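Worksheet: one structure, shown below.
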Protein chains: 2
Amino acid sequence: MKLVVTQENLSRALSTVSRIASSRGSLPILSNVLLKTTKNQLTVAATNLDIAITETIGAKIEQKGAITVPARLMQDFIGSLPSGNLELEVADNKLSLRMDRFDSTINGMSPEDFPVMPTIDGGSVIKLSSKEIKTTLQQVLFTASTDDARPVLTGVYIHGDKNNMYIAATDSYRLGEKSLNKSSDSMSLLVPANSLQELLRALNDDSQDVVVTYDEQQARFSVDGVEIVTRLVDGKYPDYKKLIPSKFETTATLKRKSLNEITKVSSLFAREAAGSITLSIDEQKNEVSIRSIASQVGENTAVAEAETTGSATITMNSRYILDALNAFDGEKIMLNINGKLDPCVLTDPADSSYLHVIMPVKS
Amino acid sequence: MKLVVTQENLSRALSTVSRIASSRGSLPILSNVLLKTTKNQLTVAATNLDIAITETIGAKIEQKGAITVPARLMQDFIGSLPSGNLELEVADNKLSLRMDRFDSTINGMSPEDFPVMPTIDGGSVIKLSSKEIKTTLQQVLFTASTDDARPVLTGVYIHGDKNNMYIAATDSYRLGEKSLNKSSDSMSLLVPANSLQELLRALNDDSQDVVVTYDEQQARFSVDGVEIVTRLVDGKYPDYKKLIPSKFETTATLKRKSLNEITKVSSLFAREAAGSITLSIDEQKNEVSIRSIASQVGENTAVAEAETTGSATITMNSRYILDALNAFDGEKIMLNINGKLDPCVLTDPADSSYLHVIMPVKS
């Protein structure tokens, strides 16, 4: 292998793929990245056997070939170099890197030992706007579970009907659901949240459309020369839609910033109570108030003006409220409540495409 | 106690003093801050018995008094409030805080149990420019030792002669020394680096002069309503000046950015060798080169153009070089070397007020 690439391109590709190259696994070669020539391009790849990520960049190939080298060293090294043309050459499983003023050799391993990258033959294809999918992932990924005890909840559920595509995730304490205006009748995919996290990292503000190809076992996300192939999560996703109330007895609409402020202040007094705060909507006073009591340190009541219908009190984890508010970007937020044991639904009164559900703490 | 202060002032004062209020100590009250009225002002204070910091802010005092409250909760809480006027009132060792929309009570402890803040009666006084002392602290603090095994090296040594004041710190592997154009003939102070770190945090770009008052045991730094009183370090500081060569056989002057770049890249190959890299000055080629070898992962040579006198090779810790380069702000840096077992001295060819010494690694 002998080729020339720019430091900028190689550095970007390494940072796209390297995060999943793990040094903790049982197979040492999984902590390496694969560099492989393909026509006039260089493919940079890494895998943890569940996910495989490749990025293909332009290169001037003088001699084709392949090698694997330690991902972390390679990424740190290329990232520290100045911009400019970089010459790569492989001999005896050693990678020589040369550019003006720098001359390095990195010991590699044979590309033959690198796991074969999974492929999808056939499968269904759908295109999604990068901008839309980026916002969506920021709104739903954090609500997926990180606990492997219930694997289905570590997935993000993408499904649809004639009119909409729904992208939802829940850890059973809270749920985020985005609906996109896109017919996707037969779709039902359960994608590991981890894999979508990698997709999110690969998306830029000026990315092209994301092409999703999927079959029963796998999905591939392609955008801007990056390909992420992931296994799908096995199992049946809970029918979460029936858990979301459609009518509410009590609602309050207030500035998102105000709710954030009073929740944040109250959370400081909720440390003893694992973050639990008590939120009240008062129709008489037209206000939302949050009360938290820490017997050791003190107590706090914070109030915000709101437009209200009905009165109610509910106990929730303050961290979940703060996380949820962060997933919206509108000026106002609407709280929708029934009883104090029923889920609280947060919506943006100006945009119904995203809803966020928080289960109350039983108090 | 009953008074009104602005959230901005109280929040700033809490953030100035709170860091030294420790929750790990044996005395629970040391994790509290003291709030105490003085005429038309509120004094906010904390101490760890080695250092005491107070900041005095304007307040509308309605009833004088004092209380101590948990530092961390108080700082987080006041910092989370919106700006505006804040009403504080004490009853039964509870502090009530009220402002528009917020109503809180924080449980405190009696101010009587708070340690008496140390004072200095008499003592010598010297004034220093805030801007100058800020730069100086950024250049020398990181070279002080953090190892209590040799307490004198955890101090910063401030001493002088008829023409200059010298501020120096060393951990025995490297040394930073700043000289200020200020007569300070009889001065000889060994101030804990930790205390000066707090002074550095208190300095802003528009701070007034720092007034230093000191006697045999203590020093007080006063600036902008903040007072830091610290015990001095006991013991005799090593006569470091005689360890700094005044003549050099080999020198190289190069761009600081270039040396930073080649050191950084080389350090990636020096992880196995605890950061050791080998730096060579080559008079023939007019260059500085750094070579690092990691038998496991590979090797690297990086070169930078330089104006040179003489040739030499020396092995040093790459982290120390990077730290040192960060303490300069000139465009160029000068490396001054004698033998490979002698200290390497870094200077700015355009500004002789700061010098940095790195001891070589014996290789």
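How things are named: the first chain in the structure tokens is A, the next is B, and so on; residues count from 1 in each chain; ligands count from 1 in the order shown.
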Can you work out which residues from chain B touch chain A at a cut-off of 6 Å (counting only C-alpha atoms) and hand them back as a short mmCIF file (atom, residue, chain, number, x, y, z; two decimals) with C-alpha atoms, in the first residue's frame?
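So iface19.cif came out as:
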data_model
loop_
_atom_site.label_atom_id
_atom_site.label_comp_id
_atom_site.auth_asym_id
_atom_site.auth_seq_id
_atom_site.Cartn_x
_atom_site.Cartn_y
_atom_site.Cartn_z
CA SER B 80 -29.01 29.35 40.09
CA ARG B 101 -40.93 34.00 42.96
CA PHE B 102 -38.41 32.22 45.23
CA ASP B 103 -38.76 31.48 48.94
CA SER B 104 -36.19 29.29 50.66
CA THR B 105 -34.89 28.30 54.04
CA ILE B 106 -31.39 26.95 54.55
CA ASN B 107 -30.48 25.37 57.88
CA VAL B 265 3.29 14.68 18.08
CA VAL B 297 3.83 0.84 18.73
CA GLY B 298 6.38 2.49 16.48
CA GLU B 299 8.66 5.50 16.29
CA ASN B 300 8.62 9.10 15.25
CA THR B 301 10.97 11.88 14.21
CA ALA B 302 9.78 15.44 13.93
CA VAL B 303 11.83 18.42 12.85
#
Enumerate, as a VMD selection string, the complete set of residues in stretch 120-174 of chain B that a backbone-based DSSP assignment places in helix (DSSP H, G or I).
chain B and resid 130 to 143 151 to 154
Write to file, as a CSV table (one decimal), in the first residue's frame, the residues of the selection just made, with all heavy atoms.
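The result, stored in again_12.csv:
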chain,number,residue,atom,x,y,z
B,130,SER,N,-2.0,44.1,39.6
B,130,SER,CA,-2.8,42.9,39.4
B,130,SER,C,-2.5,42.2,38.1
B,130,SER,O,-2.4,41.0,38.1
B,130,SER,CB,-4.3,43.3,39.3
B,130,SER,OG,-4.8,43.5,40.6
B,131,LYS,N,-2.3,43.0,37.0
B,131,LYS,CA,-2.0,42.4,35.7
B,131,LYS,C,-0.7,41.6,35.8
B,131,LYS,O,-0.6,40.5,35.3
B,131,LYS,CB,-2.0,43.5,34.7
B,131,LYS,CG,-2.4,43.0,33.3
B,131,LYS,CD,-2.3,44.2,32.3
B,131,LYS,CE,-2.0,43.6,31.0
B,131,LYS,NZ,-1.5,44.5,30.0
B,132,GLU,N,0.3,42.2,36.4
B,132,GLU,CA,1.6,41.6,36.5
B,132,GLU,C,1.6,40.4,37.3
B,132,GLU,O,2.1,39.3,37.0
B,132,GLU,CB,2.6,42.6,37.1
B,132,GLU,CG,4.0,42.6,36.5
B,132,GLU,CD,4.8,43.8,36.9
B,132,GLU,OE1,4.6,44.3,38.0
B,132,GLU,OE2,5.5,44.3,36.0
B,133,ILE,N,0.9,40.4,38.5
B,133,ILE,CA,0.9,39.3,39.4
B,133,ILE,C,0.0,38.1,38.8
B,133,ILE,O,0.4,37.0,38.9
B,133,ILE,CB,0.4,39.7,40.8
B,133,ILE,CG1,0.7,38.6,41.8
B,133,ILE,CG2,-1.1,39.9,40.8
B,133,ILE,CD1,2.2,38.7,42.2
B,134,LYS,N,-1.0,38.5,38.0
B,134,LYS,CA,-1.8,37.5,37.3
B,134,LYS,C,-0.9,36.7,36.3
B,134,LYS,O,-0.9,35.4,36.4
B,134,LYS,CB,-3.0,38.1,36.6
B,134,LYS,CG,-4.0,37.1,36.2
B,134,LYS,CD,-5.2,37.8,35.6
B,134,LYS,CE,-6.2,36.8,35.0
B,134,LYS,NZ,-7.3,37.4,34.3
B,135,THR,N,-0.2,37.4,35.5
B,135,THR,CA,0.7,36.7,34.5
B,135,THR,C,1.7,35.9,35.2
B,135,THR,O,2.0,34.7,34.9
B,135,THR,CB,1.4,37.7,33.6
B,135,THR,OG1,0.5,38.7,33.2
B,135,THR,CG2,2.1,37.1,32.5
B,136,THR,N,2.3,36.5,36.3
B,136,THR,CA,3.3,35.8,37.0
B,136,THR,C,2.8,34.4,37.6
B,136,THR,O,3.5,33.4,37.5
B,136,THR,CB,3.9,36.7,38.2
B,136,THR,OG1,4.4,37.8,37.6
B,136,THR,CG2,4.9,36.0,39.0
B,137,LEU,N,1.7,34.5,38.2
B,137,LEU,CA,1.1,33.3,38.9
B,137,LEU,C,0.8,32.2,37.8
B,137,LEU,O,1.1,31.0,38.0
B,137,LEU,CB,-0.1,33.6,39.7
B,137,LEU,CG,0.1,34.5,40.9
B,137,LEU,CD1,-1.2,34.9,41.6
B,137,LEU,CD2,1.1,33.9,41.9
B,138,GLN,N,0.3,32.6,36.7
B,138,GLN,CA,0.1,31.7,35.6
B,138,GLN,C,1.4,31.0,35.1
B,138,GLN,O,1.4,29.9,34.6
B,138,GLN,CB,-0.6,32.3,34.4
B,138,GLN,CG,-2.1,32.7,34.7
B,138,GLN,CD,-2.7,33.6,33.8
B,138,GLN,OE1,-2.0,34.4,33.1
B,138,GLN,NE2,-4.0,33.6,33.7
B,139,GLN,N,2.5,31.8,35.3
B,139,GLN,CA,3.8,31.2,34.8
B,139,GLN,C,4.5,30.4,35.8
B,139,GLN,O,5.3,29.5,35.5
B,139,GLN,CB,4.7,32.4,34.4
B,139,GLN,CG,4.2,33.1,33.1
B,139,GLN,CD,5.1,34.3,32.7
B,139,GLN,OE1,5.4,35.1,33.6
B,139,GLN,NE2,5.4,34.4,31.4
B,140,VAL,N,4.3,30.6,37.1
B,140,VAL,CA,5.1,29.9,38.1
B,140,VAL,C,4.3,28.8,38.9
B,140,VAL,O,4.8,27.9,39.4
B,140,VAL,CB,5.9,30.8,39.1
B,140,VAL,CG1,6.7,31.8,38.3
B,140,VAL,CG2,4.9,31.5,40.0
B,141,LEU,N,3.0,29.1,39.1
B,141,LEU,CA,2.2,28.2,40.0
B,141,LEU,C,2.3,26.7,39.7
B,141,LEU,O,2.5,25.8,40.5
B,141,LEU,CB,0.8,28.6,40.1
B,141,LEU,CG,0.4,29.8,41.0
B,141,LEU,CD1,-1.0,30.0,41.1
B,141,LEU,CD2,1.0,29.6,42.4
B,142,PHE,N,2.3,26.4,38.4
B,142,PHE,CA,2.2,25.0,38.0
B,142,PHE,C,3.6,24.3,38.2
B,142,PHE,O,3.7,23.1,38.1
B,142,PHE,CB,1.8,24.8,36.5
B,142,PHE,CG,2.8,25.3,35.5
B,142,PHE,CD1,3.7,24.4,34.9
B,142,PHE,CD2,2.9,26.6,35.1
B,142,PHE,CE1,4.6,24.8,34.0
B,142,PHE,CE2,3.8,27.0,34.2
B,142,PHE,CZ,4.7,26.1,33.6
B,143,THR,N,4.6,25.1,38.4
B,143,THR,CA,5.9,24.4,38.7
B,143,THR,C,6.2,24.1,40.1
B,143,THR,O,7.2,23.5,40.5
B,143,THR,CB,7.1,25.3,38.1
B,143,THR,OG1,7.2,26.5,38.9
B,143,THR,CG2,6.9,25.6,36.7
B,151,PRO,N,7.7,19.9,52.1
B,151,PRO,CA,6.8,21.1,52.1
B,151,PRO,C,7.3,22.3,51.5
B,151,PRO,O,6.6,23.1,50.9
B,151,PRO,CB,6.5,21.2,53.7
B,151,PRO,CG,6.8,19.9,54.2
B,151,PRO,CD,7.9,19.3,53.4
B,152,VAL,N,8.6,22.6,51.7
B,152,VAL,CA,9.1,23.9,51.1
B,152,VAL,C,8.8,24.0,49.6
B,152,VAL,O,8.6,25.1,49.1
B,152,VAL,CB,10.6,24.2,51.3
B,152,VAL,CG1,10.9,24.5,52.8
B,152,VAL,CG2,11.5,23.1,50.8
B,153,LEU,N,8.9,22.9,48.9
B,153,LEU,CA,8.6,23.0,47.5
B,153,LEU,C,7.2,23.2,47.1
B,153,LEU,O,6.9,23.4,45.9
B,153,LEU,CB,9.2,21.7,46.8
B,153,LEU,CG,10.7,21.5,46.9
B,153,LEU,CD1,11.2,20.4,46.0
B,153,LEU,CD2,11.5,22.8,46.6
B,154,THR,N,6.3,23.0,48.0
B,154,THR,CA,4.9,23.3,47.8
B,154,THR,C,4.6,24.9,47.8
B,154,THR,O,3.5,25.3,47.6
B,154,THR,CB,3.9,22.6,48.7
B,154,THR,OG1,4.1,23.1,50.1
B,154,THR,CG2,4.1,21.1,48.7
Selection near A:Thr308, 9 Å with only C-alpha atoms, sequence-local residues under 4 positions removed, as a VMD selection string:
chain A and resid 250 to 254 281 to 288
Write the selection just made, keeping C-alpha atoms, as a PDB file, in the first residue's frame?
ATOM      1  CA  THR A 250     -54.907  19.841  34.076  1.00  0.00           C
ATOM      2  CA  THR A 251     -52.545  21.818  31.856  1.00  0.00           C
ATOM      3  CA  ALA A 252     -50.148  24.690  32.302  1.00  0.00           C
ATOM      4  CA  THR A 253     -48.360  26.676  29.598  1.00  0.00           C
ATOM      5  CA  LEU A 254     -45.358  28.724  30.677  1.00  0.00           C
ATOM      6  CA  ILE A 281     -50.422  23.711  38.926  1.00  0.00           C
ATOM      7  CA  ASP A 282     -52.772  26.257  40.509  1.00  0.00           C
ATOM      8  CA  GLU A 283     -55.669  27.447  38.366  1.00  0.00           C
ATOM      9  CA  GLN A 284     -56.663  30.163  40.860  1.00  0.00           C
ATOM     10  CA  LYS A 285     -53.248  31.798  40.997  1.00  0.00           C
ATOM     11  CA  ASN A 286     -52.370  30.992  37.386  1.00  0.00           C
ATOM     12  CA  GLU A 287     -48.996  29.628  38.405  1.00  0.00           C
ATOM     13  CA  VAL A 288     -46.767  26.577  38.500  1.00  0.00           C
TER      14      VAL A 288
END
Determine which residues of stretch 152-333 of chain B DSSP labels as strand (DSSP E or B) from the backbone of this structure, then write them out as a ChimeraX atom specification.
/B:155-160,165-170,174-180,188-192,210-214,218-223,226-231,250-255,276-282,287-294,298-305,307-309,312-317,332-333
Output C-alpha atoms for every residue in that selection, as a PDB file, in the first residue's frame.
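Now in again27.pdb:
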ATOM      1  CA  GLY B 155       5.524  27.045  48.308  1.00  0.00           C
ATOM      2  CA  VAL B 156       6.194  29.898  45.918  1.00  0.00           C
ATOM      3  CA  TYR B 157       9.319  31.775  46.900  1.00  0.00           C
ATOM      4  CA  ILE B 158       9.044  35.553  46.688  1.00  0.00           C
ATOM      5  CA  HIS B 159      12.322  37.331  47.368  1.00  0.00           C
ATOM      6  CA  GLY B 160      14.302  40.249  46.079  1.00  0.00           C
ATOM      7  CA  MET B 165      11.615  41.005  42.951  1.00  0.00           C
ATOM      8  CA  TYR B 166      11.825  37.300  42.064  1.00  0.00           C
ATOM      9  CA  ILE B 167       8.894  34.923  42.188  1.00  0.00           C
ATOM     10  CA  ALA B 168       9.939  31.310  41.781  1.00  0.00           C
ATOM     11  CA  ALA B 169       8.598  27.789  42.211  1.00  0.00           C
ATOM     12  CA  THR B 170      10.072  24.367  41.568  1.00  0.00           C
ATOM     13  CA  ARG B 174      11.402  21.986  36.617  1.00  0.00           C
ATOM     14  CA  LEU B 175      11.449  25.575  37.772  1.00  0.00           C
ATOM     15  CA  GLY B 176       9.702  28.781  36.771  1.00  0.00           C
ATOM     16  CA  GLU B 177      11.098  32.154  37.773  1.00  0.00           C
ATOM     17  CA  LYS B 178       9.678  35.570  37.042  1.00  0.00           C
ATOM     18  CA  SER B 179      11.540  38.760  37.843  1.00  0.00           C
ATOM     19  CA  LEU B 180       9.628  41.976  38.367  1.00  0.00           C
ATOM     20  CA  SER B 188      11.704  36.688  51.659  1.00  0.00           C
ATOM     21  CA  LEU B 189       8.304  35.013  51.682  1.00  0.00           C
ATOM     22  CA  LEU B 190       7.405  31.378  51.107  1.00  0.00           C
ATOM     23  CA  VAL B 191       3.696  31.366  50.246  1.00  0.00           C
ATOM     24  CA  PRO B 192       1.744  28.097  49.725  1.00  0.00           C
ATOM     25  CA  VAL B 210      -2.949  43.800  45.063  1.00  0.00           C
ATOM     26  CA  VAL B 211      -1.839  44.924  48.524  1.00  0.00           C
ATOM     27  CA  VAL B 212       0.380  42.348  50.216  1.00  0.00           C
ATOM     28  CA  THR B 213       0.845  42.603  53.991  1.00  0.00           C
ATOM     29  CA  TYR B 214       3.119  40.100  55.674  1.00  0.00           C
ATOM     30  CA  GLN B 218       1.410  35.024  57.624  1.00  0.00           C
ATOM     31  CA  ALA B 219       0.642  37.019  54.513  1.00  0.00           C
ATOM     32  CA  ARG B 220      -2.502  38.835  53.474  1.00  0.00           C
ATOM     33  CA  PHE B 221      -3.446  39.621  49.871  1.00  0.00           C
ATOM     34  CA  SER B 222      -6.133  42.275  49.435  1.00  0.00           C
ATOM     35  CA  VAL B 223      -7.755  43.196  46.145  1.00  0.00           C
ATOM     36  CA  VAL B 226     -11.330  40.207  48.662  1.00  0.00           C
ATOM     37  CA  GLU B 227      -8.895  39.301  51.443  1.00  0.00           C
ATOM     38  CA  ILE B 228      -6.862  36.120  51.446  1.00  0.00           C
ATOM     39  CA  VAL B 229      -4.925  35.439  54.640  1.00  0.00           C
ATOM     40  CA  THR B 230      -2.547  32.507  54.513  1.00  0.00           C
ATOM     41  CA  ARG B 231       0.033  30.964  56.778  1.00  0.00           C
ATOM     42  CA  THR B 250      24.296  25.218  22.599  1.00  0.00           C
ATOM     43  CA  THR B 251      21.229  27.309  21.826  1.00  0.00           C
ATOM     44  CA  ALA B 252      18.340  27.139  19.399  1.00  0.00           C
ATOM     45  CA  THR B 253      15.752  29.811  18.699  1.00  0.00           C
ATOM     46  CA  LEU B 254      12.580  28.694  16.930  1.00  0.00           C
ATOM     47  CA  LYS B 255       8.883  29.390  16.667  1.00  0.00           C
ATOM     48  CA  SER B 276      10.604  10.830  27.567  1.00  0.00           C
ATOM     49  CA  ILE B 277      11.650  12.245  24.224  1.00  0.00           C
ATOM     50  CA  THR B 278      15.094  12.997  22.842  1.00  0.00           C
ATOM     51  CA  LEU B 279      15.652  16.510  21.550  1.00  0.00           C
ATOM     52  CA  SER B 280      18.596  17.365  19.330  1.00  0.00           C
ATOM     53  CA  ILE B 281      19.915  20.719  18.217  1.00  0.00           C
ATOM     54  CA  ASP B 282      21.849  20.467  14.961  1.00  0.00           C
ATOM     55  CA  GLU B 287      17.151  22.523  13.079  1.00  0.00           C
ATOM     56  CA  VAL B 288      15.693  21.094  16.258  1.00  0.00           C
ATOM     57  CA  SER B 289      14.546  17.496  15.986  1.00  0.00           C
ATOM     58  CA  ILE B 290      12.681  15.305  18.428  1.00  0.00           C
ATOM     59  CA  ARG B 291      12.858  11.552  18.298  1.00  0.00           C
ATOM     60  CA  SER B 292      10.691   9.161  20.258  1.00  0.00           C
ATOM     61  CA  ILE B 293      10.635   5.400  20.121  1.00  0.00           C
ATOM     62  CA  ALA B 294       8.021   3.063  21.492  1.00  0.00           C
ATOM     63  CA  GLY B 298       6.382   2.489  16.481  1.00  0.00           C
ATOM     64  CA  GLU B 299       8.662   5.498  16.291  1.00  0.00           C
ATOM     65  CA  ASN B 300       8.617   9.099  15.248  1.00  0.00           C
ATOM     66  CA  THR B 301      10.968  11.879  14.208  1.00  0.00           C
ATOM     67  CA  ALA B 302       9.775  15.442  13.934  1.00  0.00           C
ATOM     68  CA  VAL B 303      11.829  18.424  12.848  1.00  0.00           C
ATOM     69  CA  ALA B 304      11.556  22.205  13.112  1.00  0.00           C
ATOM     70  CA  GLU B 305      13.713  24.945  11.603  1.00  0.00           C
ATOM     71  CA  GLU B 307      18.599  29.421  14.462  1.00  0.00           C
ATOM     72  CA  THR B 308      21.266  27.429  16.247  1.00  0.00           C
ATOM     73  CA  THR B 309      24.616  27.761  18.005  1.00  0.00           C
ATOM     74  CA  ALA B 312      23.635  18.876  21.484  1.00  0.00           C
ATOM     75  CA  THR B 313      21.223  16.121  22.422  1.00  0.00           C
ATOM     76  CA  ILE B 314      19.181  15.938  25.605  1.00  0.00           C
ATOM     77  CA  THR B 315      16.376  13.684  26.883  1.00  0.00           C
ATOM     78  CA  MET B 316      13.439  15.367  28.601  1.00  0.00           C
ATOM     79  CA  ASN B 317       9.871  14.710  29.664  1.00  0.00           C
ATOM     80  CA  LYS B 332       9.706  32.577  19.565  1.00  0.00           C
ATOM     81  CA  ILE B 333      11.322  30.409  22.180  1.00  0.00           C
TER      82      ILE B 333
END
Would you mind listing what lies within 7 Å of stretch 10-24 of chain B as an NGL selection string, with only C-alpha atoms counted and same-chain residues fewer than 6 positions away left out?
:B and (30-33 or 44-48 or 53-55 or 71-72 or 75 or 78-79 or 202)
Output N, CA and C atoms for every residue in the selection just made, as a compact mmCIF listing (two decimals), in the first residue's frame.
# COMPACT_ATOMS: atom_id res chain seq x y z
N LEU B 30 -16.33 23.74 58.98
CA LEU B 30 -15.41 24.23 57.94
C LEU B 30 -15.99 24.04 56.54
N SER B 31 -17.07 23.26 56.42
CA SER B 31 -17.72 23.17 55.11
C SER B 31 -18.77 24.26 54.94
N ASN B 32 -18.87 25.13 55.95
CA ASN B 32 -19.82 26.24 55.86
C ASN B 32 -19.13 27.55 55.47
N VAL B 33 -19.93 28.49 54.97
CA VAL B 33 -19.44 29.86 54.81
C VAL B 33 -20.08 30.71 55.91
N VAL B 44 -18.54 37.75 53.47
CA VAL B 44 -18.72 36.32 53.21
C VAL B 44 -17.35 35.68 53.39
N ALA B 45 -17.25 34.66 54.23
CA ALA B 45 -15.93 34.13 54.58
C ALA B 45 -15.91 32.62 54.64
N ALA B 46 -14.75 32.05 54.31
CA ALA B 46 -14.54 30.61 54.47
C ALA B 46 -13.09 30.38 54.85
N THR B 47 -12.82 29.25 55.49
CA THR B 47 -11.44 28.96 55.87
C THR B 47 -11.23 27.45 55.92
N ASN B 48 -9.98 27.05 55.67
CA ASN B 48 -9.62 25.64 55.90
C ASN B 48 -8.54 25.58 56.98
N ILE B 53 -10.43 33.13 53.39
CA ILE B 53 -10.77 34.07 52.32
C ILE B 53 -12.05 34.79 52.72
N THR B 54 -12.05 36.09 52.57
CA THR B 54 -13.28 36.84 52.80
C THR B 54 -13.51 37.76 51.62
N GLU B 55 -14.78 37.94 51.28
CA GLU B 55 -15.11 38.99 50.33
C GLU B 55 -16.21 39.82 50.95
N ALA B 71 -21.54 25.66 52.43
CA ALA B 71 -20.97 26.46 51.33
C ALA B 71 -21.45 25.99 49.97
N ARG B 72 -21.44 24.69 49.74
CA ARG B 72 -21.73 24.20 48.40
C ARG B 72 -23.18 24.45 48.02
N GLN B 75 -23.71 28.19 47.47
CA GLN B 75 -23.14 28.68 46.21
C GLN B 75 -23.97 28.23 45.00
N ILE B 78 -27.53 30.16 45.19
CA ILE B 78 -27.50 31.58 44.80
C ILE B 78 -27.12 31.70 43.32
N GLY B 79 -26.19 30.83 42.88
CA GLY B 79 -25.78 30.87 41.48
C GLY B 79 -26.91 30.52 40.50
N ALA B 202 -9.18 35.08 42.12
CA ALA B 202 -9.89 36.31 42.50
C ALA B 202 -9.55 37.48 41.58
Give me, please, the distance in Å between atom CA of B:Ala59 and atom CA of B:Leu199, quoted to one decimal.
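Taking atom CA of B:Ala59 as the start and atom CA of B:Leu199 as the end point, the length is 23.7 Å.
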So that I can see what lies close to A:Glu249, please list as a ChimeraX atom specification the residues with an atom at most 7 Å from it, counting only C-alpha atoms and leaving out residues fewer than 4 positions away in the same chain.
/A:310,337-338
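Between B:Asp209 and the residues B:Ser172, B:Leu49, B:Thr37, B:Lys127, the shortest atom-to-atom distance, using only C-alpha atoms, involves B:Lys127.
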